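A.B. asks: Data: target_26.txt, compact mmCIF, C-alpha atoms.
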```
# COMPACT_ATOMS: atom_id res chain seq x y z
CA MET A 1 36.82 -92.37 6.91
CA GLN A 2 33.34 -91.79 5.57
CA ALA A 3 32.22 -90.40 8.92
CA ALA A 4 35.20 -88.03 8.96
CA GLY A 5 34.24 -86.78 5.49
CA ILE A 6 30.67 -86.08 6.60
CA CYS A 7 31.90 -84.19 9.64
CA HIS A 8 34.26 -82.15 7.48
CA TRP A 9 31.40 -81.37 5.07
CA MET A 10 29.15 -80.27 7.93
CA VAL A 11 31.81 -78.04 9.44
CA GLY A 12 32.30 -76.29 6.09
CA ARG A 13 28.61 -75.91 5.52
CA ARG A 14 28.06 -74.65 9.09
CA LYS A 15 30.04 -71.55 8.31
CA VAL A 16 27.88 -70.95 5.26
CA LEU A 17 24.66 -71.61 7.21
CA PHE A 18 25.79 -69.27 9.96
CA LEU A 19 26.57 -66.56 7.42
CA VAL A 20 23.22 -67.01 5.65
CA THR A 21 21.37 -66.94 8.97
CA ALA A 22 23.19 -63.79 10.02
CA LEU A 23 22.35 -62.13 6.71
CA VAL A 24 18.69 -63.08 7.03
CA LEU A 25 18.51 -61.73 10.57
CA LEU A 26 20.23 -58.49 9.55
CA GLY A 27 17.81 -58.16 6.66
CA LEU A 28 14.84 -58.65 8.96
CA MET A 29 16.23 -56.12 11.43
CA PHE A 30 16.86 -53.57 8.67
CA SER A 31 13.38 -54.13 7.25
CA ALA A 32 11.78 -53.68 10.65
CA GLN A 33 13.84 -50.59 11.35
CA PHE A 34 12.98 -49.06 7.95
CA SER A 35 9.30 -49.89 8.35
CA TYR A 36 9.27 -48.44 11.86
CA SER A 37 11.08 -45.31 10.71
CA ARG A 38 8.59 -44.70 7.93
CA HIS A 39 5.69 -45.36 10.27
CA VAL A 40 6.68 -42.73 12.84
CA HIS A 41 8.40 -40.31 10.49
CA GLN A 42 5.69 -37.64 10.48
CA VAL A 43 5.49 -37.61 14.25
CA LEU A 44 9.25 -37.36 14.64
CA CYS A 45 9.34 -34.38 12.28
CA THR A 46 7.66 -32.32 14.98
CA VAL A 47 10.65 -32.57 17.31
CA LYS A 48 11.79 -29.03 16.53
CA GLN A 49 8.35 -27.75 17.49
CA ALA A 50 8.38 -29.41 20.90
CA ASN A 51 8.44 -27.30 24.06
CA LYS A 52 11.63 -27.36 26.13
CA LEU A 53 9.92 -27.14 29.53
CA TYR A 54 11.42 -29.55 32.09
CA PHE A 55 12.82 -32.18 29.73
CA GLY A 56 11.73 -31.13 26.24
CA GLY A 57 8.94 -32.34 24.01
CA GLU A 58 6.07 -31.11 26.17
CA ASP A 59 3.56 -30.83 23.33
CA LEU A 60 4.34 -34.35 22.15
CA GLN A 61 3.51 -35.94 25.48
CA GLU A 62 0.09 -36.79 24.08
CA ALA A 63 1.74 -39.11 21.60
CA PHE A 64 3.27 -41.14 24.40
CA GLU A 65 0.48 -41.22 27.01
CA GLY A 66 0.15 -44.83 28.09
CA VAL A 67 3.34 -46.01 26.36
CA HIS A 68 5.37 -48.16 28.74
CA ASP A 69 7.63 -50.11 26.38
CA ALA A 70 8.64 -50.39 22.74
CA SER A 71 5.85 -52.87 21.95
CA HIS A 72 3.26 -50.16 22.55
CA MET A 73 5.11 -47.42 20.67
CA ASN A 74 3.67 -48.10 17.22
CA SER A 75 0.05 -47.88 18.30
CA ALA A 76 0.71 -44.69 20.24
CA LEU A 77 2.46 -43.07 17.30
CA THR A 78 -0.29 -44.18 14.94
CA GLU A 79 -2.85 -42.55 17.19
CA ALA A 80 -0.73 -39.40 17.41
CA SER A 81 -0.38 -39.16 13.65
CA ASN A 82 -4.17 -39.13 13.37
CA ARG A 83 -4.53 -36.28 15.88
CA ASP A 84 -3.69 -32.61 15.82
CA ILE A 85 -0.47 -31.70 17.65
CA PRO A 86 0.02 -27.98 18.30
CA ARG A 87 3.15 -26.13 17.37
CA SER A 88 5.45 -25.16 20.20
CA GLY A 89 4.56 -21.70 21.45
CA ASP A 90 1.05 -21.89 19.97
CA SER A 91 -1.63 -20.60 22.31
CA GLY A 92 -3.65 -23.75 22.18
CA ASN A 93 -4.63 -23.56 18.51
CA ALA A 94 -4.02 -27.03 17.12
CA SER A 95 -2.42 -27.52 13.72
CA SER A 96 -2.16 -30.80 11.92
CA ILE A 97 1.13 -32.62 11.48
CA GLN A 98 0.83 -32.08 7.75
CA ASP A 99 0.92 -28.30 8.34
CA ILE A 100 4.25 -28.36 10.17
CA GLN A 101 6.91 -27.12 7.78
CA VAL A 102 9.74 -29.56 8.52
CA SER A 103 11.60 -31.49 5.86
CA GLN A 104 10.29 -35.02 5.47
CA SER A 105 12.73 -36.08 2.77
CA ARG A 106 14.31 -38.84 4.80
CA PRO A 107 13.31 -41.23 7.58
CA PRO A 108 14.55 -40.30 11.06
CA SER A 109 17.88 -41.59 12.22
CA LYS A 110 18.39 -44.13 14.96
CA LYS A 111 19.40 -41.23 17.18
CA ASP A 112 16.00 -39.61 16.57
CA LEU A 113 14.21 -42.85 17.40
CA ASN A 114 16.18 -43.32 20.57
CA ARG A 115 15.52 -39.72 21.54
CA PHE A 116 11.76 -40.16 21.35
CA TYR A 117 11.74 -43.50 23.10
CA SER A 118 13.97 -42.00 25.78
CA HIS A 119 11.48 -39.15 26.07
CA SER A 120 8.68 -41.63 26.68
CA LYS A 121 10.67 -43.40 29.38
CA ARG A 122 11.49 -40.07 31.05
CA VAL A 123 7.81 -39.18 31.12
CA HIS A 124 6.88 -42.36 32.94
CA LYS A 125 9.87 -42.07 35.25
CA LEU A 126 8.64 -38.60 36.21
CA GLU A 127 5.13 -39.94 36.75
CA ARG A 128 6.44 -42.68 39.03
CA LYS A 129 8.08 -39.95 41.11
CA GLY A 130 4.76 -38.17 41.45
CA LEU A 131 5.42 -35.67 38.66
CA LYS A 132 2.46 -35.36 36.33
CA ARG A 133 0.34 -32.84 34.52
CA ARG A 134 -2.42 -31.41 36.67
CA LEU A 135 -5.31 -29.05 36.08
CA PRO A 136 -4.42 -25.60 37.50
CA GLN A 137 -5.14 -24.84 41.14
CA ALA A 138 -4.67 -21.12 40.45
CA LEU A 139 -5.38 -18.82 37.52
CA VAL A 140 -4.20 -15.36 36.54
CA ILE A 141 -7.45 -14.25 34.90
CA GLY A 142 -6.49 -10.67 33.99
CA ILE A 143 -6.28 -7.92 33.30
CA ARG A 144 -4.83 -7.33 29.84
CA LYS A 145 -2.14 -4.61 29.73
CA CYS A 146 -1.85 -4.50 33.51
CA GLY A 147 1.29 -6.62 33.86
CA THR A 148 0.06 -10.23 33.68
CA ARG A 149 3.22 -11.38 31.89
CA ALA A 150 5.51 -9.72 34.44
CA LEU A 151 3.47 -11.22 37.28
CA LEU A 152 3.73 -14.74 35.88
CA GLU A 153 7.47 -14.44 35.22
CA MET A 154 7.99 -13.31 38.79
CA LEU A 155 5.92 -16.22 40.08
CA ARG A 156 8.09 -18.66 38.13
CA MET A 157 11.02 -17.94 40.44
CA HIS A 158 9.20 -19.75 43.25
CA PRO A 159 9.96 -23.50 43.43
CA GLY A 160 6.38 -24.12 44.52
CA ILE A 161 5.00 -22.84 41.20
CA ALA A 162 4.58 -24.78 37.96
CA ALA A 163 3.41 -22.24 35.37
CA ALA A 164 2.01 -23.03 31.94
CA ASN A 165 4.15 -21.71 29.12
CA ALA A 166 1.44 -20.12 27.00
CA GLU A 167 -2.00 -18.61 27.35
CA GLN A 168 -4.32 -21.56 26.76
CA HIS A 169 -7.62 -19.67 26.31
CA PHE A 170 -9.40 -22.77 27.56
CA PHE A 171 -12.30 -21.12 29.37
CA ASP A 172 -13.05 -18.66 26.56
CA GLU A 173 -12.04 -20.19 23.21
CA ASN A 174 -11.13 -23.87 23.65
CA TYR A 175 -13.61 -25.09 26.24
CA GLU A 176 -15.18 -27.60 23.86
CA HIS A 177 -11.91 -29.55 23.81
CA GLY A 178 -12.50 -30.71 27.38
CA TYR A 179 -10.50 -30.89 30.58
CA GLU A 180 -8.12 -33.59 29.34
CA TRP A 181 -7.04 -31.35 26.46
CA TYR A 182 -6.42 -28.58 28.99
CA ARG A 183 -4.57 -30.82 31.45
CA LYS A 184 -2.17 -32.07 28.78
CA ARG A 185 -1.11 -28.49 28.13
CA MET A 186 -0.05 -27.94 31.71
CA PRO A 187 3.55 -28.42 32.89
CA PHE A 188 4.64 -31.40 34.96
CA SER A 189 4.45 -30.69 38.67
CA THR A 190 4.95 -32.39 42.01
CA PRO A 191 2.05 -32.92 44.41
CA ASP A 192 3.41 -30.02 46.50
CA GLN A 193 3.53 -27.53 43.63
CA ILE A 194 0.75 -25.24 42.45
CA THR A 195 0.00 -25.37 38.73
CA ILE A 196 -0.98 -21.95 37.41
CA GLU A 197 -2.13 -20.69 34.02
CA LYS A 198 -2.54 -17.14 32.71
CA THR A 199 -5.08 -15.95 30.16
CA PRO A 200 -6.10 -12.29 30.67
CA SER A 201 -9.23 -12.56 28.52
CA TYR A 202 -10.85 -14.84 31.11
CA PHE A 203 -11.64 -11.75 33.18
CA ILE A 204 -13.97 -10.27 30.55
CA THR A 205 -15.51 -13.56 29.34
CA GLU A 206 -19.00 -13.95 30.83
CA GLU A 207 -18.99 -17.75 30.56
CA ALA A 208 -15.57 -18.15 32.17
CA PRO A 209 -16.49 -17.94 35.91
CA ALA A 210 -19.06 -20.76 35.73
CA ARG A 211 -16.70 -22.90 33.66
CA VAL A 212 -13.82 -22.35 36.08
CA LYS A 213 -16.05 -23.20 39.05
CA LYS A 214 -17.14 -26.40 37.36
CA MET A 215 -13.48 -27.41 37.07
CA ASP A 216 -12.57 -26.48 40.67
CA ARG A 217 -14.73 -24.51 43.08
CA ASP A 218 -11.68 -23.97 45.31
CA VAL A 219 -9.40 -22.53 42.61
CA LYS A 220 -7.52 -19.35 43.53
CA LEU A 221 -7.92 -16.35 41.23
CA VAL A 222 -5.30 -13.64 40.75
CA ILE A 223 -6.20 -10.33 39.10
CA ILE A 224 -3.67 -7.59 38.39
CA VAL A 225 -4.98 -4.05 37.86
CA ARG A 226 -3.58 -0.63 37.06
CA ASP A 227 -4.95 2.87 36.49
CA PRO A 228 -7.80 2.17 34.01
CA THR A 229 -7.08 5.36 32.08
CA VAL A 230 -3.46 4.32 31.56
CA ARG A 231 -4.56 0.78 30.78
CA THR A 232 -6.89 2.03 28.05
CA VAL A 233 -4.11 4.02 26.40
CA SER A 234 -1.72 1.08 26.73
CA ASP A 235 -4.25 -1.22 25.09
CA TYR A 236 -4.54 1.20 22.17
CA SER A 237 -0.72 1.45 21.95
CA GLN A 238 -0.31 -2.30 21.55
CA ILE A 239 -2.98 -2.49 18.86
CA ARG A 240 -1.44 0.46 17.04
CA GLN A 241 1.98 -1.17 17.09
CA THR A 242 0.54 -4.47 15.83
CA MET A 243 -1.19 -2.70 12.97
CA ALA A 244 2.00 -0.81 12.10
CA SER A 245 3.92 -4.08 11.91
CA HIS A 246 1.43 -5.16 9.22
CA GLY A 247 1.74 -1.91 7.30
CA LYS A 248 -1.53 -0.47 8.58
CA VAL A 249 -2.19 2.86 10.26
CA ALA A 250 -4.42 3.07 13.33
CA LYS A 251 -6.81 5.92 13.92
CA PRO A 252 -5.71 8.46 16.54
CA PHE A 253 -6.56 7.49 20.11
CA GLU A 254 -8.95 10.43 20.44
CA GLU A 255 -11.05 9.14 17.52
CA MET A 256 -11.21 5.65 19.01
CA VAL A 257 -12.13 6.62 22.56
CA LEU A 258 -14.63 9.40 21.81
CA GLY A 259 -18.02 8.96 20.21
CA ALA A 260 -19.70 11.24 17.69
CA ASP A 261 -21.09 13.32 20.56
CA GLY A 262 -17.62 13.94 21.96
CA GLU A 263 -18.22 11.77 25.02
CA ILE A 264 -16.44 8.53 25.97
CA ASP A 265 -17.45 5.71 23.64
CA VAL A 266 -18.44 2.94 26.06
CA THR A 267 -18.57 0.44 23.19
CA TYR A 268 -14.83 0.80 22.54
CA LYS A 269 -13.36 -2.50 23.75
CA ALA A 270 -10.37 -0.89 25.46
CA VAL A 271 -12.80 1.14 27.57
CA GLN A 272 -14.99 -1.89 28.28
CA ILE A 273 -12.06 -3.90 29.62
CA SER A 274 -11.16 -1.04 31.98
CA LEU A 275 -14.55 -1.22 33.73
CA TYR A 276 -13.07 -3.49 36.41
CA GLN A 277 -16.07 -3.46 38.73
CA LYS A 278 -18.44 -4.67 36.00
CA HIS A 279 -16.39 -7.78 35.23
CA LEU A 280 -15.41 -8.46 38.85
CA GLU A 281 -19.08 -8.70 39.86
CA VAL A 282 -19.57 -11.56 37.40
CA TRP A 283 -16.73 -13.50 39.00
CA LEU A 284 -17.93 -12.74 42.53
CA GLY A 285 -21.25 -14.24 41.57
CA HIS A 286 -19.43 -17.60 41.50
CA PHE A 287 -16.48 -17.20 43.88
CA PRO A 288 -16.09 -15.51 47.28
CA MET A 289 -13.72 -12.56 47.57
CA ALA A 290 -11.52 -14.74 49.81
CA GLN A 291 -10.53 -16.71 46.70
CA VAL A 292 -9.63 -13.57 44.75
CA HIS A 293 -6.39 -11.63 45.12
CA ILE A 294 -5.87 -8.20 43.58
CA VAL A 295 -2.35 -7.19 42.56
CA ASP A 296 -1.43 -3.51 42.12
CA GLY A 297 0.15 -3.48 38.66
CA ASP A 298 1.60 -0.01 39.12
CA LYS A 299 3.42 -1.05 42.30
CA LEU A 300 4.53 -4.31 40.69
CA ILE A 301 6.57 -2.14 38.32
CA SER A 302 7.86 0.38 40.85
CA ASP A 303 8.34 -1.91 43.88
CA PRO A 304 7.59 -5.57 43.07
CA PHE A 305 8.76 -7.23 46.29
CA PRO A 306 5.79 -6.36 48.57
CA GLU A 307 3.27 -7.25 45.86
CA MET A 308 4.92 -10.62 45.19
CA LYS A 309 5.10 -11.45 48.90
CA ALA A 310 1.36 -10.82 49.11
CA VAL A 311 0.75 -13.18 46.17
CA GLU A 312 3.03 -15.76 47.76
CA THR A 313 0.96 -15.62 50.96
CA PHE A 314 -2.37 -15.75 49.11
CA LEU A 315 -1.34 -18.88 47.21
CA GLY A 316 -0.18 -20.56 50.42
CA LEU A 317 3.41 -20.89 49.19
CA GLN A 318 6.41 -21.30 51.44
CA ASP A 319 8.43 -18.17 52.25
CA TYR A 320 10.93 -17.99 49.40
CA ILE A 321 10.78 -14.66 47.53
CA LYS A 322 13.35 -12.13 48.78
CA SER A 323 13.91 -8.47 48.00
CA ASP A 324 17.26 -9.21 46.34
CA ASN A 325 15.47 -11.35 43.75
CA PHE A 326 14.54 -8.09 42.00
CA VAL A 327 17.20 -6.05 40.19
CA TYR A 328 16.26 -2.76 38.58
CA ASN A 329 17.01 -2.37 34.86
CA SER A 330 17.54 1.36 34.34
CA THR A 331 17.49 0.98 30.55
CA LYS A 332 13.98 -0.44 30.38
CA GLY A 333 12.69 1.03 33.60
CA PHE A 334 11.60 -2.41 34.84
CA TYR A 335 12.86 -4.86 37.43
CA CYS A 336 14.57 -8.05 36.30
CA ILE A 337 14.27 -11.33 38.20
CA GLU A 338 17.25 -13.18 39.63
CA SER A 339 16.93 -16.42 41.60
CA GLU A 340 18.31 -19.95 41.74
CA ILE A 341 15.56 -21.05 39.36
CA VAL A 342 15.29 -18.22 36.84
CA THR A 343 17.09 -15.10 35.69
CA LYS A 344 14.94 -13.06 33.35
CA CYS A 345 14.04 -9.60 32.11
CA LEU A 346 10.91 -8.76 30.19
CA SER A 347 11.21 -8.92 26.40
CA GLU A 348 11.98 -5.85 24.32
CA ASN A 349 8.36 -5.40 23.21
CA LYS A 350 7.38 -4.57 26.78
CA GLY A 351 7.44 -0.98 27.95
CA ARG A 352 6.41 0.58 24.63
CA PRO A 353 5.89 4.38 24.83
CA HIS A 354 2.34 5.72 24.87
CA PRO A 355 1.13 8.23 22.29
CA ASP A 356 0.67 11.86 23.26
CA VAL A 357 -2.99 12.24 24.12
CA ASP A 358 -4.80 15.55 24.45
CA ASP A 359 -5.08 16.55 28.12
CA SER A 360 -8.79 17.23 27.80
CA VAL A 361 -9.37 13.68 26.54
CA MET A 362 -7.36 12.22 29.40
CA LYS A 363 -9.38 14.26 31.89
CA LYS A 364 -12.61 13.10 30.30
CA LEU A 365 -11.44 9.51 30.58
CA ARG A 366 -10.51 9.90 34.24
CA ASP A 367 -13.81 11.55 35.06
CA PHE A 368 -15.62 8.73 33.27
CA PHE A 369 -13.79 5.99 35.20
CA THR A 370 -13.95 7.66 38.63
CA PRO A 371 -17.39 6.35 39.75
CA PHE A 372 -16.55 2.86 38.53
CA ASN A 373 -13.23 2.99 40.36
CA ASN A 374 -14.94 3.99 43.60
CA LEU A 375 -17.32 1.02 43.34
CA PHE A 376 -14.31 -1.20 42.69
CA TYR A 377 -12.47 0.12 45.75
CA GLU A 378 -15.52 -0.47 47.92
CA ARG A 379 -15.98 -4.02 46.63
CA ILE A 380 -12.41 -5.15 47.23
CA GLY A 381 -11.79 -3.12 50.38
CA ARG A 382 -8.71 -1.44 48.96
CA THR A 383 -7.89 1.93 47.41
CA PHE A 384 -5.37 2.62 44.64
CA THR A 385 -3.51 5.84 43.87
CA TRP A 386 -4.34 6.15 40.20
CA ASN A 387 -2.88 9.63 39.83
CA GLU A 388 -3.20 12.14 37.03
CA ASP A 389 0.35 11.90 35.68
CA GLY A 390 0.05 8.17 35.11
CA ALA A 391 -0.82 8.73 31.43
CA LYS A 392 2.85 9.46 30.74
CA SER A 393 3.90 5.99 31.82
CA GLU A 394 4.77 3.17 29.49
CA GLY A 395 3.47 -0.38 29.19
```
In structure tokens, what does this structure look like?
C.D. replies:
Amino acid sequence: MQAAGICHWMVGRRKVLFLVTALVLLGLMFSAQFSYSRHVHQVLCTVKQANKLYFGGEDLQEAFEGVHDASHMNSALTEASNRDIPRSGDSGNASSIQDIQVSQSRPPSKKDLNRFYSHSKRVHKLERKGLKRRLPQALVIGIRKCGTRALLEMLRMHPGIAAANAEQHFFDENYEHGYEWYRKRMPFSTPDQITIEKTPSYFITEEAPARVKKMDRDVKLVIIVRDPTVRTVSDYSQIRQTMASHGKVAKPFEEMVLGADGEIDVTYKAVQISLYQKHLEVWLGHFPMAQVHIVDGDKLISDPFPEMKAVETFLGLQDYIKSDNFVYNSTKGFYCIESEIVTKCLSENKGRPHPDVDDSVMKKLRDFFTPFNNLFYERIGRTFTWNEDGAKSEG
């Protein structure tokens, strides 16, 4: 009878002990979850700034490098919170987490936590399949206002290309950050793909050729050119529009391009950039012409297929680009791209009209560029038809 009473007492108390144990465990789990949420909260607030390339969260990959399971997550996030993570769409200029204007009024939800941990697992799954970030094997190094954006968008249609989303300005402005910084801003790619990055200012940066060669002496360089007179006017047009958007008024083109003596002002940056031969010689001091491909920017607008096939061949890509991948947009006067991978037209800020420039100034510009153009033709073994009515074009 006494034994039965003890058993009855234990059975009753077991329910209480079980309930207390369950409550303690739930409390510990809640405490851990709350602590974890607070710990990673600042990092998770950057989710809206993450790039969407491939699987999303490209810029936050740095926070998860080397993270293979949940036990390593805290240390990785701690390290990330102490580093600068760039905003999505930023051209390589880092901004601290504290600068990102996202509400931090509440800890992230469990869904947010799972999303980031799932992101980490996806990264390592991709790496196991051979997908990883690689330093570029090809660069579009210029030239500004010659169609570099259009060229890169057309290249994206090829499955053998993995193109960086933004101009990284590594070899001119961010070189001190090192190759690892640069690599982590490249897209994921397979071993068979070519990673390519575009920054037009590389072409006119004197230090860039030696820096690029130090990274990869076998890198392939793509340069797109157009009539230098038209390019100079187009450069001015973009600057004028930018100033207007900030409530400022630009000087007339004639005042910018002509010096006090009425001759072409060779110190005007738009003119300097258009001296193609001068800048090309610096690059050819480090790379053979066989590693350089020149794209005709005027033909890329009027008839893109032959130019893109030539780029495809130069990069050693498989035959993929077809003439029906290009559809003419009569409204903008540009071709749009249609393929299995991408369907895209250039943004509305492309194709801006040029200002009316005095004919005598245009002639003076053309006469000024002519000897430089001839040297350029001779150096590359190719001649362009930079005709006199090109100044009426848009770009």
A.B. asks: What is the CA of Glu167 in chain A to CA of Ser237 in chain A distance in Å?
C.D. replies: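 We find that CA of Glu167 in chain A and CA of Ser237 in chain A lie 20.8 Å from each other.
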A.B. asks: By how many Å are CA of Ala244 in chain A and CA of Leu152 in chain A apart?
C.D. replies: 27.6 Å
A.B. asks: Rounded to one decimal place, report the CA of Ile204 in chain A-CA of His246 in chain A distance in Å.
C.D. replies: 26.8 Å
A.B. asks: Under the rule that all atoms listed in the file are counted, which of A:Lys184, A:Ile239, A:Asp261, A:Gly178 is the nearest residue to Lys214 in chain A?
C.D. replies: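 Smallest distance to Lys214 in chain A is found for A:Gly178.
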A.B. asks: Which one is closest to Pro200 in chain A: A:Lys251, A:Arg144, A:His177, A:Arg149? Count all atoms listed in the file.
C.D. replies: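 The closest residue to Pro200 in chain A is A:Arg144.
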A.B. asks: Would you list the contacts of range 279-288 of chain A as number ranges by chain, taking every protein, DNA or RNA residue within 12 Å and counting all atoms listed in the file, but skipping same-chain residues closer than 6 positions in sequence?
C.D. replies: A: 141-143, 201-214, 216-225, 272-273, 294, 372-373, 375-377, 379-380
A.B. asks: Around (-10.6, 0.9, 32.9) in the file's frame, which residues reach within 8 Å when counting all atoms listed in the file? Return as a PyMOL selection string?
C.D. replies: chain A and resi 227-229+231-232+270-276+369
A.B. asks: Name the residues in contact with Phe305 in chain A at a cut-off of 10 Å, using only C-alpha atoms, excluding same-chain residues fewer than 4 positions from it; report them as a list in words.
C.D. replies: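 Once the nearby chain positions are removed, what remains is Met154, Lys299, Leu300, Ile301, Lys309, Ala310, Val311, Ile321, Lys322, Ser323, Asp324, Asn325 and Phe326 of chain A.
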A.B. asks: Considering all atoms listed in the file, state which residue in the set A:Gly262, A:Gly297, A:Gly247, A:Pro355 is at the smallest distance from Thr148 in chain A.
C.D. replies: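 Ranking A:Gly262, A:Gly297, A:Gly247, A:Pro355 by distance to Thr148 in chain A, first place goes to A:Gly297.
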A.B. asks: Between A:Phe188, A:Tyr268, A:Tyr335, A:Phe384, which one has atoms that come closest to Ala163 in chain A, using all atoms listed in the file?
C.D. replies: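 Among A:Phe188, A:Tyr268, A:Tyr335, A:Phe384, it is A:Phe188 that comes nearest to Ala163 in chain A.
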A.B. asks: For range 252-255 of chain A, I'd like the enclosing box, axis-aligned and padded by 8 Å on every side, reported as lines of an AutoDock Vina configuration file with centre and edge lengths in Å to one decimal.
C.D. replies:
```
center_x = -8.4
center_y = 9.0
center_z = 18.5
size_x = 21.3
size_y = 18.9
size_z = 19.9
```
A.B. asks: From the set A:Ile337, A:Thr195, A:Ala250, A:Thr267, which residue has the shortest atom-to-atom contact distance to Leu151 in chain A, counting only C-alpha atoms?
C.D. replies: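 For Leu151 in chain A, the nearest of the candidates is A:Ile337.
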A.B. asks: Pick from A:Ala138, A:Cys146, A:Met186, A:Val249: nearest to Asn165 in chain A, with all atoms listed in the file counted?
C.D. replies: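 Of A:Ala138, A:Cys146, A:Met186, A:Val249, the one nearest Asn165 in chain A, counting all atoms listed in the file, is A:Met186.
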